[in-house]
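Student: Sharing coords.pdb (PDB, N, CA and C atoms) below.
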```
MODEL        1
ATOM      1  N   MET A   1      -1.555  25.337  -6.390
ATOM      2  CA  MET A   1      -2.314  24.562  -5.436
ATOM      3  C   MET A   1      -1.369  23.607  -4.698
ATOM      4  N   ILE A   2      -1.612  23.429  -3.422
ATOM      5  CA  ILE A   2      -0.770  22.568  -2.589
ATOM      6  C   ILE A   2      -1.175  21.103  -2.759
ATOM      7  N   GLN A   3      -0.175  20.249  -2.841
ATOM      8  CA  GLN A   3      -0.440  18.818  -2.932
ATOM      9  C   GLN A   3      -0.765  18.314  -1.538
ATOM     10  N   THR A   4      -1.909  17.634  -1.384
ATOM     11  CA  THR A   4      -2.331  17.156  -0.065
ATOM     12  C   THR A   4      -2.375  15.639   0.043
ATOM     13  N   GLU A   5      -2.241  14.929  -1.068
ATOM     14  CA  GLU A   5      -2.242  13.473  -1.043
ATOM     15  C   GLU A   5      -1.014  12.944  -1.773
ATOM     16  N   PHE A   6      -0.452  11.862  -1.219
ATOM     17  CA  PHE A   6       0.793  11.313  -1.734
ATOM     18  C   PHE A   6       0.676   9.796  -1.827
ATOM     19  N   GLU A   7       1.054   9.243  -2.981
ATOM     20  CA  GLU A   7       1.023   7.801  -3.179
ATOM     21  C   GLU A   7       2.276   7.162  -2.595
ATOM     22  N   PHE A   8       2.117   5.930  -2.128
ATOM     23  CA  PHE A   8       3.254   5.171  -1.606
ATOM     24  C   PHE A   8       3.077   3.704  -1.959
ATOM     25  N   THR A   9       4.178   2.968  -1.866
ATOM     26  CA  THR A   9       4.169   1.514  -2.033
ATOM     27  C   THR A   9       4.922   0.907  -0.866
ATOM     28  N   LEU A  10       4.237   0.077  -0.104
ATOM     29  CA  LEU A  10       4.862  -0.558   1.054
ATOM     30  C   LEU A  10       5.937  -1.555   0.613
ATOM     31  N   PRO A  11       7.019  -1.637   1.366
ATOM     32  CA  PRO A  11       8.083  -2.588   1.012
ATOM     33  C   PRO A  11       7.591  -4.043   0.987
ATOM     34  N   LYS A  12       6.807  -4.445   1.968
ATOM     35  CA  LYS A  12       6.319  -5.820   2.040
ATOM     36  C   LYS A  12       4.832  -5.902   1.717
ATOM     37  N   GLY A  13       4.032  -5.081   2.338
ATOM     38  CA  GLY A  13       2.598  -5.053   2.081
ATOM     39  C   GLY A  13       1.781  -5.654   3.209
ATOM     40  N   TYR A  14       0.545  -5.234   3.284
ATOM     41  CA  TYR A  14      -0.392  -5.725   4.286
ATOM     42  C   TYR A  14      -1.121  -6.939   3.727
ATOM     43  N   VAL A  15      -1.164  -8.012   4.504
ATOM     44  CA  VAL A  15      -1.871  -9.226   4.109
ATOM     45  C   VAL A  15      -3.170  -9.283   4.903
ATOM     46  N   ASP A  16      -4.309  -9.234   4.189
ATOM     47  CA  ASP A  16      -5.603  -9.251   4.872
ATOM     48  C   ASP A  16      -5.985 -10.674   5.286
ATOM     49  N   ASN A  17      -7.145 -10.817   5.922
ATOM     50  CA  ASN A  17      -7.600 -12.118   6.431
ATOM     51  C   ASN A  17      -7.820 -13.153   5.339
ATOM     52  N   ASP A  18      -8.028 -12.694   4.112
ATOM     53  CA  ASP A  18      -8.229 -13.617   2.987
ATOM     54  C   ASP A  18      -6.925 -13.943   2.264
ATOM     55  N   GLY A  19      -5.805 -13.402   2.756
ATOM     56  CA  GLY A  19      -4.514 -13.661   2.135
ATOM     57  C   GLY A  19      -4.164 -12.719   1.003
ATOM     58  N   ASN A  20      -4.980 -11.684   0.780
ATOM     59  CA  ASN A  20      -4.696 -10.710  -0.277
ATOM     60  C   ASN A  20      -3.619  -9.736   0.177
ATOM     61  N   LEU A  21      -2.726  -9.399  -0.723
ATOM     62  CA  LEU A  21      -1.631  -8.476  -0.435
ATOM     63  C   LEU A  21      -2.003  -7.073  -0.909
ATOM     64  N   HIS A  22      -1.816  -6.084  -0.034
ATOM     65  CA  HIS A  22      -2.112  -4.684  -0.338
ATOM     66  C   HIS A  22      -0.833  -3.876  -0.129
ATOM     67  N   ARG A  23      -0.297  -3.309  -1.202
ATOM     68  CA  ARG A  23       0.969  -2.574  -1.103
ATOM     69  C   ARG A  23       0.859  -1.106  -1.469
ATOM     70  N   LYS A  24       0.033  -0.776  -2.451
ATOM     71  CA  LYS A  24      -0.069   0.615  -2.915
ATOM     72  C   LYS A  24      -1.121   1.349  -2.109
ATOM     73  N   GLY A  25      -0.767   2.583  -1.732
ATOM     74  CA  GLY A  25      -1.701   3.358  -0.936
ATOM     75  C   GLY A  25      -1.543   4.846  -1.155
ATOM     76  N   VAL A  26      -2.360   5.598  -0.417
ATOM     77  CA  VAL A  26      -2.346   7.055  -0.462
ATOM     78  C   VAL A  26      -2.391   7.565   0.967
ATOM     79  N   MET A  27      -1.539   8.553   1.243
ATOM     80  CA  MET A  27      -1.529   9.221   2.538
ATOM     81  C   MET A  27      -1.774  10.701   2.299
ATOM     82  N   ARG A  28      -2.638  11.279   3.111
ATOM     83  CA  ARG A  28      -2.900  12.712   3.013
ATOM     84  C   ARG A  28      -2.059  13.450   4.044
ATOM     85  N   LEU A  29      -1.912  14.746   3.824
ATOM     86  CA  LEU A  29      -1.216  15.565   4.810
ATOM     87  C   LEU A  29      -1.972  15.522   6.127
ATOM     88  N   SER A  30      -1.240  15.583   7.204
ATOM     89  CA  SER A  30      -1.829  15.565   8.534
ATOM     90  C   SER A  30      -2.327  16.945   8.921
ATOM     91  N   ARG A  31      -3.402  16.966   9.677
ATOM     92  CA  ARG A  31      -3.916  18.198  10.267
ATOM     93  C   ARG A  31      -3.623  18.160  11.760
ATOM     94  N   ALA A  32      -3.711  19.296  12.395
ATOM     95  CA  ALA A  32      -3.445  19.361  13.837
ATOM     96  C   ALA A  32      -4.323  18.366  14.596
ATOM     97  N   ILE A  33      -5.590  18.263  14.202
ATOM     98  CA  ILE A  33      -6.515  17.367  14.906
ATOM     99  C   ILE A  33      -6.078  15.907  14.827
ATOM    100  N   ASP A  34      -5.367  15.543  13.749
ATOM    101  CA  ASP A  34      -4.887  14.166  13.606
ATOM    102  C   ASP A  34      -3.864  13.815  14.680
ATOM    103  N   GLU A  35      -3.161  14.802  15.178
ATOM    104  CA  GLU A  35      -2.176  14.552  16.226
ATOM    105  C   GLU A  35      -2.741  14.810  17.620
ATOM    106  N   ILE A  36      -3.806  15.607  17.702
ATOM    107  CA  ILE A  36      -4.419  15.923  18.999
ATOM    108  C   ILE A  36      -5.353  14.807  19.456
ATOM    109  N   THR A  37      -6.199  14.333  18.564
ATOM    110  CA  THR A  37      -7.214  13.337  18.917
ATOM    111  C   THR A  37      -6.644  12.079  19.564
ATOM    112  N   PRO A  38      -5.559  11.508  19.059
ATOM    113  CA  PRO A  38      -5.042  10.286  19.691
ATOM    114  C   PRO A  38      -4.651  10.463  21.163
ATOM    115  N   MET A  39      -4.315  11.674  21.562
ATOM    116  CA  MET A  39      -3.882  11.893  22.942
ATOM    117  C   MET A  39      -5.017  11.657  23.938
ATOM    118  N   ARG A  40      -6.262  11.684  23.458
ATOM    119  CA  ARG A  40      -7.421  11.424  24.317
ATOM    120  C   ARG A  40      -7.741   9.932  24.423
ATOM    121  N   ASP A  41      -7.139   9.135  23.563
ATOM    122  CA  ASP A  41      -7.450   7.709  23.484
ATOM    123  C   ASP A  41      -6.808   6.959  24.659
ATOM    124  N   PRO A  42      -7.563   6.096  25.352
ATOM    125  CA  PRO A  42      -6.999   5.350  26.485
ATOM    126  C   PRO A  42      -5.820   4.459  26.111
ATOM    127  N   ARG A  43      -5.790   3.969  24.854
ATOM    128  CA  ARG A  43      -4.670   3.118  24.423
ATOM    129  C   ARG A  43      -3.378   3.921  24.373
ATOM    130  N   VAL A  44      -3.482   5.207  24.043
ATOM    131  CA  VAL A  44      -2.300   6.075  23.995
ATOM    132  C   VAL A  44      -1.881   6.461  25.404
ATOM    133  N   LYS A  45      -2.869   6.665  26.271
ATOM    134  CA  LYS A  45      -2.546   7.023  27.659
ATOM    135  C   LYS A  45      -1.777   5.899  28.346
ATOM    136  N   SER A  46      -2.097   4.651  28.014
ATOM    137  CA  SER A  46      -1.375   3.532  28.623
ATOM    138  C   SER A  46      -0.100   3.184  27.866
ATOM    139  N   ASN A  47      -0.018   3.578  26.585
ATOM    140  CA  ASN A  47       1.170   3.305  25.766
ATOM    141  C   ASN A  47       1.310   4.421  24.736
ATOM    142  N   PRO A  48       2.091   5.467  25.030
ATOM    143  CA  PRO A  48       2.219   6.618  24.123
ATOM    144  C   PRO A  48       2.632   6.261  22.702
ATOM    145  N   ALA A  49       3.338   5.164  22.508
ATOM    146  CA  ALA A  49       3.761   4.761  21.165
ATOM    147  C   ALA A  49       2.560   4.413  20.285
ATOM    148  N   TYR A  50       1.425   4.101  20.898
ATOM    149  CA  TYR A  50       0.235   3.734  20.135
ATOM    150  C   TYR A  50      -0.322   4.916  19.338
ATOM    151  N   ALA A  51       0.082   6.128  19.681
ATOM    152  CA  ALA A  51      -0.369   7.311  18.938
ATOM    153  C   ALA A  51      -0.024   7.178  17.463
ATOM    154  N   THR A  52       1.110   6.605  17.152
ATOM    155  CA  THR A  52       1.525   6.406  15.758
ATOM    156  C   THR A  52       0.497   5.576  15.004
ATOM    157  N   VAL A  53       0.010   4.519  15.633
ATOM    158  CA  VAL A  53      -0.972   3.640  15.005
ATOM    159  C   VAL A  53      -2.235   4.425  14.666
ATOM    160  N   ILE A  54      -2.723   5.203  15.624
ATOM    161  CA  ILE A  54      -3.958   5.959  15.414
ATOM    162  C   ILE A  54      -3.757   7.040  14.358
ATOM    163  N   ILE A  55      -2.650   7.754  14.429
ATOM    164  CA  ILE A  55      -2.393   8.816  13.450
ATOM    165  C   ILE A  55      -2.342   8.242  12.040
ATOM    166  N   LEU A  56      -1.607   7.151  11.864
ATOM    167  CA  LEU A  56      -1.510   6.563  10.527
ATOM    168  C   LEU A  56      -2.862   6.070  10.031
ATOM    169  N   SER A  57      -3.676   5.531  10.917
ATOM    170  CA  SER A  57      -4.997   5.064  10.489
ATOM    171  C   SER A  57      -5.890   6.229  10.070
ATOM    172  N   ARG A  58      -5.605   7.426  10.556
ATOM    173  CA  ARG A  58      -6.381   8.612  10.178
ATOM    174  C   ARG A  58      -5.917   9.205   8.850
ATOM    175  N   VAL A  59      -4.601   9.176   8.580
ATOM    176  CA  VAL A  59      -4.067   9.874   7.406
ATOM    177  C   VAL A  59      -3.896   8.991   6.174
ATOM    178  N   ILE A  60      -3.902   7.680   6.341
ATOM    179  CA  ILE A  60      -3.842   6.794   5.177
ATOM    180  C   ILE A  60      -5.266   6.668   4.650
ATOM    181  N   THR A  61      -5.485   7.152   3.450
ATOM    182  CA  THR A  61      -6.834   7.177   2.894
ATOM    183  C   THR A  61      -7.118   5.990   1.986
ATOM    184  N   LYS A  62      -6.050   5.315   1.559
ATOM    185  CA  LYS A  62      -6.230   4.164   0.684
ATOM    186  C   LYS A  62      -5.069   3.206   0.883
ATOM    187  N   LEU A  63      -5.389   1.925   0.900
ATOM    188  CA  LEU A  63      -4.360   0.890   0.928
ATOM    189  C   LEU A  63      -4.909  -0.295   0.152
ATOM    190  N   GLY A  64      -4.382  -0.471  -1.060
ATOM    191  CA  GLY A  64      -4.850  -1.545  -1.926
ATOM    192  C   GLY A  64      -6.351  -1.485  -2.108
ATOM    193  N   GLY A  65      -7.002  -2.627  -1.951
ATOM    194  CA  GLY A  65      -8.446  -2.699  -2.121
ATOM    195  C   GLY A  65      -9.231  -2.620  -0.831
ATOM    196  N   LEU A  66      -8.574  -2.256   0.262
ATOM    197  CA  LEU A  66      -9.275  -2.184   1.545
ATOM    198  C   LEU A  66     -10.300  -1.066   1.542
ATOM    199  N   GLU A  67     -11.436  -1.326   2.171
ATOM    200  CA  GLU A  67     -12.487  -0.312   2.258
ATOM    201  C   GLU A  67     -12.210   0.670   3.377
ATOM    202  N   GLU A  68     -11.540   0.203   4.433
ATOM    203  CA  GLU A  68     -11.277   1.039   5.602
ATOM    204  C   GLU A  68      -9.871   0.764   6.117
ATOM    205  N   ILE A  69      -9.190   1.831   6.549
ATOM    206  CA  ILE A  69      -7.871   1.682   7.161
ATOM    207  C   ILE A  69      -8.065   1.938   8.652
ATOM    208  N   SER A  70      -8.196   0.875   9.407
ATOM    209  CA  SER A  70      -8.429   0.991  10.847
ATOM    210  C   SER A  70      -7.112   0.829  11.605
ATOM    211  N   SER A  71      -7.181   1.075  12.897
ATOM    212  CA  SER A  71      -5.992   0.871  13.725
ATOM    213  C   SER A  71      -5.579  -0.600  13.715
ATOM    214  N   ILE A  72      -6.530  -1.501  13.529
ATOM    215  CA  ILE A  72      -6.206  -2.933  13.467
ATOM    216  C   ILE A  72      -5.355  -3.238  12.236
ATOM    217  N   VAL A  73      -5.652  -2.587  11.112
ATOM    218  CA  VAL A  73      -4.834  -2.765   9.912
ATOM    219  C   VAL A  73      -3.405  -2.311  10.201
ATOM    220  N   ILE A  74      -3.261  -1.131  10.790
ATOM    221  CA  ILE A  74      -1.919  -0.603  11.086
ATOM    222  C   ILE A  74      -1.192  -1.511  12.067
ATOM    223  N   GLU A  75      -1.901  -2.017  13.075
ATOM    224  CA  GLU A  75      -1.295  -2.932  14.063
ATOM    225  C   GLU A  75      -0.731  -4.180  13.404
ATOM    226  N   ASN A  76      -1.344  -4.609  12.310
ATOM    227  CA  ASN A  76      -0.949  -5.865  11.668
ATOM    228  C   ASN A  76       0.006  -5.693  10.497
ATOM    229  N   LEU A  77       0.542  -4.498  10.321
ATOM    230  CA  LEU A  77       1.576  -4.296   9.305
ATOM    231  C   LEU A  77       2.878  -4.945   9.755
ATOM    232  N   PHE A  78       3.688  -5.334   8.814
ATOM    233  CA  PHE A  78       5.036  -5.791   9.141
ATOM    234  C   PHE A  78       5.828  -4.604   9.682
ATOM    235  N   ALA A  79       6.770  -4.862  10.551
ATOM    236  CA  ALA A  79       7.554  -3.796  11.181
ATOM    237  C   ALA A  79       8.242  -2.911  10.143
ATOM    238  N   SER A  80       8.732  -3.504   9.065
ATOM    239  CA  SER A  80       9.411  -2.706   8.034
ATOM    240  C   SER A  80       8.433  -1.751   7.351
ATOM    241  N   ASP A  81       7.181  -2.169   7.178
ATOM    242  CA  ASP A  81       6.179  -1.297   6.571
ATOM    243  C   ASP A  81       5.789  -0.168   7.526
ATOM    244  N   LEU A  82       5.665  -0.472   8.806
ATOM    245  CA  LEU A  82       5.353   0.563   9.798
ATOM    246  C   LEU A  82       6.466   1.608   9.826
ATOM    247  N   SER A  83       7.702   1.160   9.811
ATOM    248  CA  SER A  83       8.836   2.081   9.794
ATOM    249  C   SER A  83       8.812   2.946   8.531
ATOM    250  N   TYR A  84       8.540   2.327   7.396
ATOM    251  CA  TYR A  84       8.447   3.055   6.135
ATOM    252  C   TYR A  84       7.377   4.144   6.220
ATOM    253  N   LEU A  85       6.193   3.797   6.738
ATOM    254  CA  LEU A  85       5.097   4.755   6.821
ATOM    255  C   LEU A  85       5.403   5.890   7.786
ATOM    256  N   GLN A  86       6.092   5.592   8.873
ATOM    257  CA  GLN A  86       6.485   6.650   9.811
ATOM    258  C   GLN A  86       7.424   7.646   9.134
ATOM    259  N   LYS A  87       8.390   7.145   8.395
ATOM    260  CA  LYS A  87       9.324   8.019   7.683
ATOM    261  C   LYS A  87       8.603   8.808   6.597
ATOM    262  N   PHE A  88       7.708   8.144   5.875
ATOM    263  CA  PHE A  88       6.951   8.796   4.813
ATOM    264  C   PHE A  88       6.084   9.913   5.392
ATOM    265  N   TYR A  89       5.440   9.644   6.523
ATOM    266  CA  TYR A  89       4.611  10.636   7.206
ATOM    267  C   TYR A  89       5.437  11.871   7.568
ATOM    268  N   ARG A  90       6.596  11.637   8.150
ATOM    269  CA  ARG A  90       7.470  12.750   8.538
ATOM    270  C   ARG A  90       7.936  13.533   7.310
ATOM    271  N   GLN A  91       8.207  12.831   6.234
ATOM    272  CA  GLN A  91       8.691  13.483   5.014
ATOM    273  C   GLN A  91       7.611  14.360   4.389
ATOM    274  N   ILE A  92       6.414  13.819   4.169
ATOM    275  CA  ILE A  92       5.396  14.610   3.471
ATOM    276  C   ILE A  92       4.869  15.759   4.322
ATOM    277  N   ASN A  93       4.931  15.602   5.643
ATOM    278  CA  ASN A  93       4.465  16.665   6.535
ATOM    279  C   ASN A  93       5.594  17.600   6.957
ATOM    280  N   GLU A  94       6.769  17.383   6.358
ATOM    281  CA  GLU A  94       7.934  18.226   6.612
ATOM    282  C   GLU A  94       8.228  18.356   8.106
ATOM    283  N   LEU A  95       8.299  17.200   8.771
ATOM    284  CA  LEU A  95       8.536  17.162  10.208
ATOM    285  C   LEU A  95       9.973  16.792  10.556
ATOM    286  N   GLU A  96      10.837  16.829   9.568
ATOM    287  CA  GLU A  96      12.241  16.531   9.849
ATOM    288  C   GLU A  96      12.791  17.583  10.802
ATOM    289  N   ASP A  97      13.759  17.176  11.600
ATOM    290  CA  ASP A  97      14.364  18.108  12.552
ATOM    291  C   ASP A  97      14.929  19.309  11.819
ATOM    292  N   THR A  98      14.590  20.482  12.303
ATOM    293  CA  THR A  98      15.044  21.726  11.700
ATOM    294  C   THR A  98      15.749  22.546  12.765
ATOM    295  N   ASP A  99      16.887  23.074  12.422
ATOM    296  CA  ASP A  99      17.597  23.967  13.335
ATOM    297  C   ASP A  99      17.074  25.375  13.092
ATOM    298  N   TRP A 100      16.078  25.792  13.863
ATOM    299  CA  TRP A 100      15.417  27.078  13.671
ATOM    300  C   TRP A 100      16.368  28.253  13.879
ATOM    301  N   ASN A 101      17.435  28.066  14.629
ATOM    302  CA  ASN A 101      18.374  29.153  14.895
ATOM    303  C   ASN A 101      19.252  29.482  13.693
ATOM    304  N   ASN A 102      19.359  28.562  12.739
ATOM    305  CA  ASN A 102      20.232  28.783  11.590
ATOM    306  C   ASN A 102      19.480  29.019  10.285
ATOM    307  N   LEU A 103      18.170  29.247  10.354
ATOM    308  CA  LEU A 103      17.411  29.537   9.140
ATOM    309  C   LEU A 103      17.602  30.993   8.746
ATOM    310  N   PRO A 104      17.635  31.270   7.436
ATOM    311  CA  PRO A 104      17.664  32.659   7.010
ATOM    312  C   PRO A 104      16.414  33.378   7.496
ATOM    313  N   GLU A 105      16.506  34.677   7.761
ATOM    314  CA  GLU A 105      15.406  35.426   8.325
ATOM    315  C   GLU A 105      14.144  35.373   7.478
ATOM    316  N   GLU A 106      14.255  35.283   6.148
ATOM    317  CA  GLU A 106      13.059  35.260   5.313
ATOM    318  C   GLU A 106      12.222  34.005   5.539
ATOM    319  N   ASN A 107      12.822  32.930   6.105
ATOM    320  CA  ASN A 107      12.072  31.701   6.395
ATOM    321  C   ASN A 107      11.363  31.756   7.739
ATOM    322  N   LEU A 108      11.592  32.794   8.509
ATOM    323  CA  LEU A 108      11.022  32.863   9.852
ATOM    324  C   LEU A 108       9.733  33.672   9.902
ATOM    325  N   GLU A 109       9.239  34.113   8.773
ATOM    326  CA  GLU A 109       8.011  34.922   8.761
ATOM    327  C   GLU A 109       6.789  34.085   8.997
TER     328      GLU A 109
ENDMDL
END
```
Here is the file; what I need is its structure written in the form of structure tokens.
Tutor:
Amino acid sequence: MIQTEFEFTLPKGYVDNDGNLHRKGVMRLSRAIDEITPMRDPRVKSNPAYATVIILSRVITKLGGLEEISSIVIENLFASDLSYLQKFYRQINELEDTDWNNLPEENLE
């Protein structure tokens, strides 16, 4: 069976409005729709970098004791945590740059 959810711990953590720190979370594998849907959002049309915020809010299923992971939560992460989550997202979804011309033929099926 394929693993679809991955635990993570943020370097700094998200601080909610009550001052609670949330560091441990779960991210699920991304689906095509997770990357397509943000492109329709007006915030992405005016600022393409905002797609990252929306995508992460869709694929993070748990963060500490928060009931919901909204785009506002992602917007309020520390920069180091956002960078960590972007790298983690790329890692679990195997989105690292691949030189397709140098793969063995059995990997191209």
Student: Of the candidates A:Thr4, A:Thr9, A:Asn76, A:Thr52, which one gets nearest to Lys24 of chain A if we count only N, CA and C atoms?
Tutor: A:Thr9
Student: Report as a ChimeraX atom specification the residues that result from applying the PyMOL selection byres ((chain A and resi 58) around 8) to the structure here.
Tutor: /A:27-30,34,52-57,59-61,69-71
Student: Measure the distance from atom CA of Ala79 of chain A to atom CA of Glu94 of chain A in Å and round it to one decimal.
Tutor: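 It comes out at 22.5 Å.
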Student: What is the atom C of Ala51 of chain A-atom C of Met1 of chain A distance in Å, reported with one decimal?
Tutor: 27.6 Å
Student: In Å to one decimal, how far is atom C of Gly65 of chain A from atom C of Ala49 of chain A?
Tutor: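 Taking atom C of Ala49 of chain A as the start and atom C of Gly65 of chain A as the end point, the length is 25.2 Å.
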Student: What's the 7 Å shell around Gly25 of chain A, counting only C-alpha atoms, without same-chain residues fewer than 5 positions away, as a ChimeraX atom specification?
Tutor: /A:7-9,62-64
Student: Name the residues of chain A that come out as strand (DSSP E or B) in a backbone DSSP run; write them as a ChimeraX atom specification.
Tutor: /A:5-15,21-28,60-63
Student: Take the residues that were just selected and, keeping N, CA and C atoms, output them as a tab-separated table (two decimals), in the coordinates of the input.
Tutor:
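Here's the written file again32.tsv:
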```tsv
chain	number	residue	atom	x	y	z
A	5	GLU	N	-2.24	14.93	-1.07
A	5	GLU	CA	-2.24	13.47	-1.04
A	5	GLU	C	-1.01	12.94	-1.77
A	6	PHE	N	-0.45	11.86	-1.22
A	6	PHE	CA	0.79	11.31	-1.73
A	6	PHE	C	0.68	9.80	-1.83
A	7	GLU	N	1.05	9.24	-2.98
A	7	GLU	CA	1.02	7.80	-3.18
A	7	GLU	C	2.28	7.16	-2.60
A	8	PHE	N	2.12	5.93	-2.13
A	8	PHE	CA	3.25	5.17	-1.61
A	8	PHE	C	3.08	3.70	-1.96
A	9	THR	N	4.18	2.97	-1.87
A	9	THR	CA	4.17	1.51	-2.03
A	9	THR	C	4.92	0.91	-0.87
A	10	LEU	N	4.24	0.08	-0.10
A	10	LEU	CA	4.86	-0.56	1.05
A	10	LEU	C	5.94	-1.56	0.61
A	11	PRO	N	7.02	-1.64	1.37
A	11	PRO	CA	8.08	-2.59	1.01
A	11	PRO	C	7.59	-4.04	0.99
A	12	LYS	N	6.81	-4.44	1.97
A	12	LYS	CA	6.32	-5.82	2.04
A	12	LYS	C	4.83	-5.90	1.72
A	13	GLY	N	4.03	-5.08	2.34
A	13	GLY	CA	2.60	-5.05	2.08
A	13	GLY	C	1.78	-5.65	3.21
A	14	TYR	N	0.55	-5.23	3.28
A	14	TYR	CA	-0.39	-5.72	4.29
A	14	TYR	C	-1.12	-6.94	3.73
A	15	VAL	N	-1.16	-8.01	4.50
A	15	VAL	CA	-1.87	-9.23	4.11
A	15	VAL	C	-3.17	-9.28	4.90
A	21	LEU	N	-2.73	-9.40	-0.72
A	21	LEU	CA	-1.63	-8.48	-0.44
A	21	LEU	C	-2.00	-7.07	-0.91
A	22	HIS	N	-1.82	-6.08	-0.03
A	22	HIS	CA	-2.11	-4.68	-0.34
A	22	HIS	C	-0.83	-3.88	-0.13
A	23	ARG	N	-0.30	-3.31	-1.20
A	23	ARG	CA	0.97	-2.57	-1.10
A	23	ARG	C	0.86	-1.11	-1.47
A	24	LYS	N	0.03	-0.78	-2.45
A	24	LYS	CA	-0.07	0.62	-2.92
A	24	LYS	C	-1.12	1.35	-2.11
A	25	GLY	N	-0.77	2.58	-1.73
A	25	GLY	CA	-1.70	3.36	-0.94
A	25	GLY	C	-1.54	4.85	-1.16
A	26	VAL	N	-2.36	5.60	-0.42
A	26	VAL	CA	-2.35	7.06	-0.46
A	26	VAL	C	-2.39	7.56	0.97
A	27	MET	N	-1.54	8.55	1.24
A	27	MET	CA	-1.53	9.22	2.54
A	27	MET	C	-1.77	10.70	2.30
A	28	ARG	N	-2.64	11.28	3.11
A	28	ARG	CA	-2.90	12.71	3.01
A	28	ARG	C	-2.06	13.45	4.04
A	60	ILE	N	-3.90	7.68	6.34
A	60	ILE	CA	-3.84	6.79	5.18
A	60	ILE	C	-5.27	6.67	4.65
A	61	THR	N	-5.48	7.15	3.45
A	61	THR	CA	-6.83	7.18	2.89
A	61	THR	C	-7.12	5.99	1.99
A	62	LYS	N	-6.05	5.32	1.56
A	62	LYS	CA	-6.23	4.16	0.68
A	62	LYS	C	-5.07	3.21	0.88
A	63	LEU	N	-5.39	1.92	0.90
A	63	LEU	CA	-4.36	0.89	0.93
A	63	LEU	C	-4.91	-0.30	0.15
```
Student: Please identify which residues in chain A DSSP calls alpha helix (DSSP H) from the backbone, and express them as a PyMOL selection string.
Tutor: chain A and resi 32-36+42-46+50-59+71-75+79-92
Student: Considering only N, CA and C atoms, return as JSON, numbers by chain whatever protein or nucleic-acid residues lie within 6.5 Å of Lys12 of chain A, sequence-local ones (same chain, fewer than 3 positions apart) excluded.
Tutor: {"A": [9, 22, 23, 80, 81]}
Student: Show me, as AutoDock Vina command-line options, the centre and edge lengths in Å to one decimal of the axis-aligned box that covers every listed atom of segment 45-53 of chain A with 4 Å on each side.
Tutor:
```
--center_x 0.4 --center_y 5.2 --center_z 21.6 --size_x 14.6 --size_y 12.1 --size_z 22.0
```
Student: Using the structure just given, write a file holding all heavy atoms for segment 39-43 of chain A, as a PDB file, in the first residue's frame.
Tutor:
```pdb
ATOM      1  N   MET A  39      -5.180  27.969  -9.482  1.00  0.00           N
ATOM      2  CA  MET A  39      -4.983  28.803 -10.666  1.00  0.00           C
ATOM      3  C   MET A  39      -6.238  29.606 -11.012  1.00  0.00           C
ATOM      4  O   MET A  39      -6.170  30.597 -11.721  1.00  0.00           O
ATOM      5  CB  MET A  39      -4.567  27.945 -11.866  1.00  0.00           C
ATOM      6  CG  MET A  39      -3.248  27.224 -11.666  1.00  0.00           C
ATOM      7  SD  MET A  39      -1.971  28.372 -11.131  1.00  0.00           S
ATOM      8  CE  MET A  39      -1.084  27.381  -9.971  1.00  0.00           C
ATOM      9  N   ARG A  40      -7.392  29.181 -10.494  1.00  0.00           N
ATOM     10  CA  ARG A  40      -8.647  29.903 -10.722  1.00  0.00           C
ATOM     11  C   ARG A  40      -8.867  31.021  -9.702  1.00  0.00           C
ATOM     12  O   ARG A  40      -9.758  31.844  -9.858  1.00  0.00           O
ATOM     13  CB  ARG A  40      -9.827  28.931 -10.637  1.00  0.00           C
ATOM     14  CG  ARG A  40      -9.773  27.836 -11.648  1.00  0.00           C
ATOM     15  CD  ARG A  40     -10.998  26.938 -11.493  1.00  0.00           C
ATOM     16  NE  ARG A  40     -10.772  25.688 -12.188  1.00  0.00           N
ATOM     17  CZ  ARG A  40     -11.049  24.493 -11.711  1.00  0.00           C
ATOM     18  NH1 ARG A  40     -11.590  24.366 -10.526  1.00  0.00           N
ATOM     19  NH2 ARG A  40     -10.812  23.415 -12.411  1.00  0.00           N
ATOM     20  N   ASP A  41      -8.081  31.019  -8.643  1.00  0.00           N
ATOM     21  CA  ASP A  41      -8.269  31.961  -7.542  1.00  0.00           C
ATOM     22  C   ASP A  41      -7.762  33.354  -7.941  1.00  0.00           C
ATOM     23  O   ASP A  41      -6.653  33.479  -8.461  1.00  0.00           O
ATOM     24  CB  ASP A  41      -7.506  31.449  -6.312  1.00  0.00           C
ATOM     25  CG  ASP A  41      -7.839  32.203  -5.059  1.00  0.00           C
ATOM     26  OD1 ASP A  41      -7.499  33.406  -4.976  1.00  0.00           O
ATOM     27  OD2 ASP A  41      -8.426  31.598  -4.146  1.00  0.00           O
ATOM     28  N   PRO A  42      -8.548  34.411  -7.697  1.00  0.00           N
ATOM     29  CA  PRO A  42      -8.112  35.766  -8.057  1.00  0.00           C
ATOM     30  C   PRO A  42      -6.826  36.205  -7.365  1.00  0.00           C
ATOM     31  O   PRO A  42      -6.050  36.985  -7.918  1.00  0.00           O
ATOM     32  CB  PRO A  42      -9.281  36.659  -7.640  1.00  0.00           C
ATOM     33  CG  PRO A  42     -10.297  35.796  -7.000  1.00  0.00           C
ATOM     34  CD  PRO A  42      -9.875  34.368  -7.127  1.00  0.00           C
ATOM     35  N   ARG A  43      -6.566  35.674  -6.152  1.00  0.00           N
ATOM     36  CA  ARG A  43      -5.333  36.041  -5.440  1.00  0.00           C
ATOM     37  C   ARG A  43      -4.112  35.507  -6.176  1.00  0.00           C
ATOM     38  O   ARG A  43      -3.056  36.142  -6.184  1.00  0.00           O
ATOM     39  CB  ARG A  43      -5.355  35.512  -4.007  1.00  0.00           C
ATOM     40  CG  ARG A  43      -6.467  36.123  -3.156  1.00  0.00           C
ATOM     41  CD  ARG A  43      -6.640  35.403  -1.849  1.00  0.00           C
ATOM     42  NE  ARG A  43      -7.149  34.052  -2.089  1.00  0.00           N
ATOM     43  CZ  ARG A  43      -7.494  33.207  -1.124  1.00  0.00           C
ATOM     44  NH1 ARG A  43      -7.371  33.567   0.148  1.00  0.00           N
ATOM     45  NH2 ARG A  43      -7.952  32.008  -1.414  1.00  0.00           N
TER      46      ARG A  43
END
```
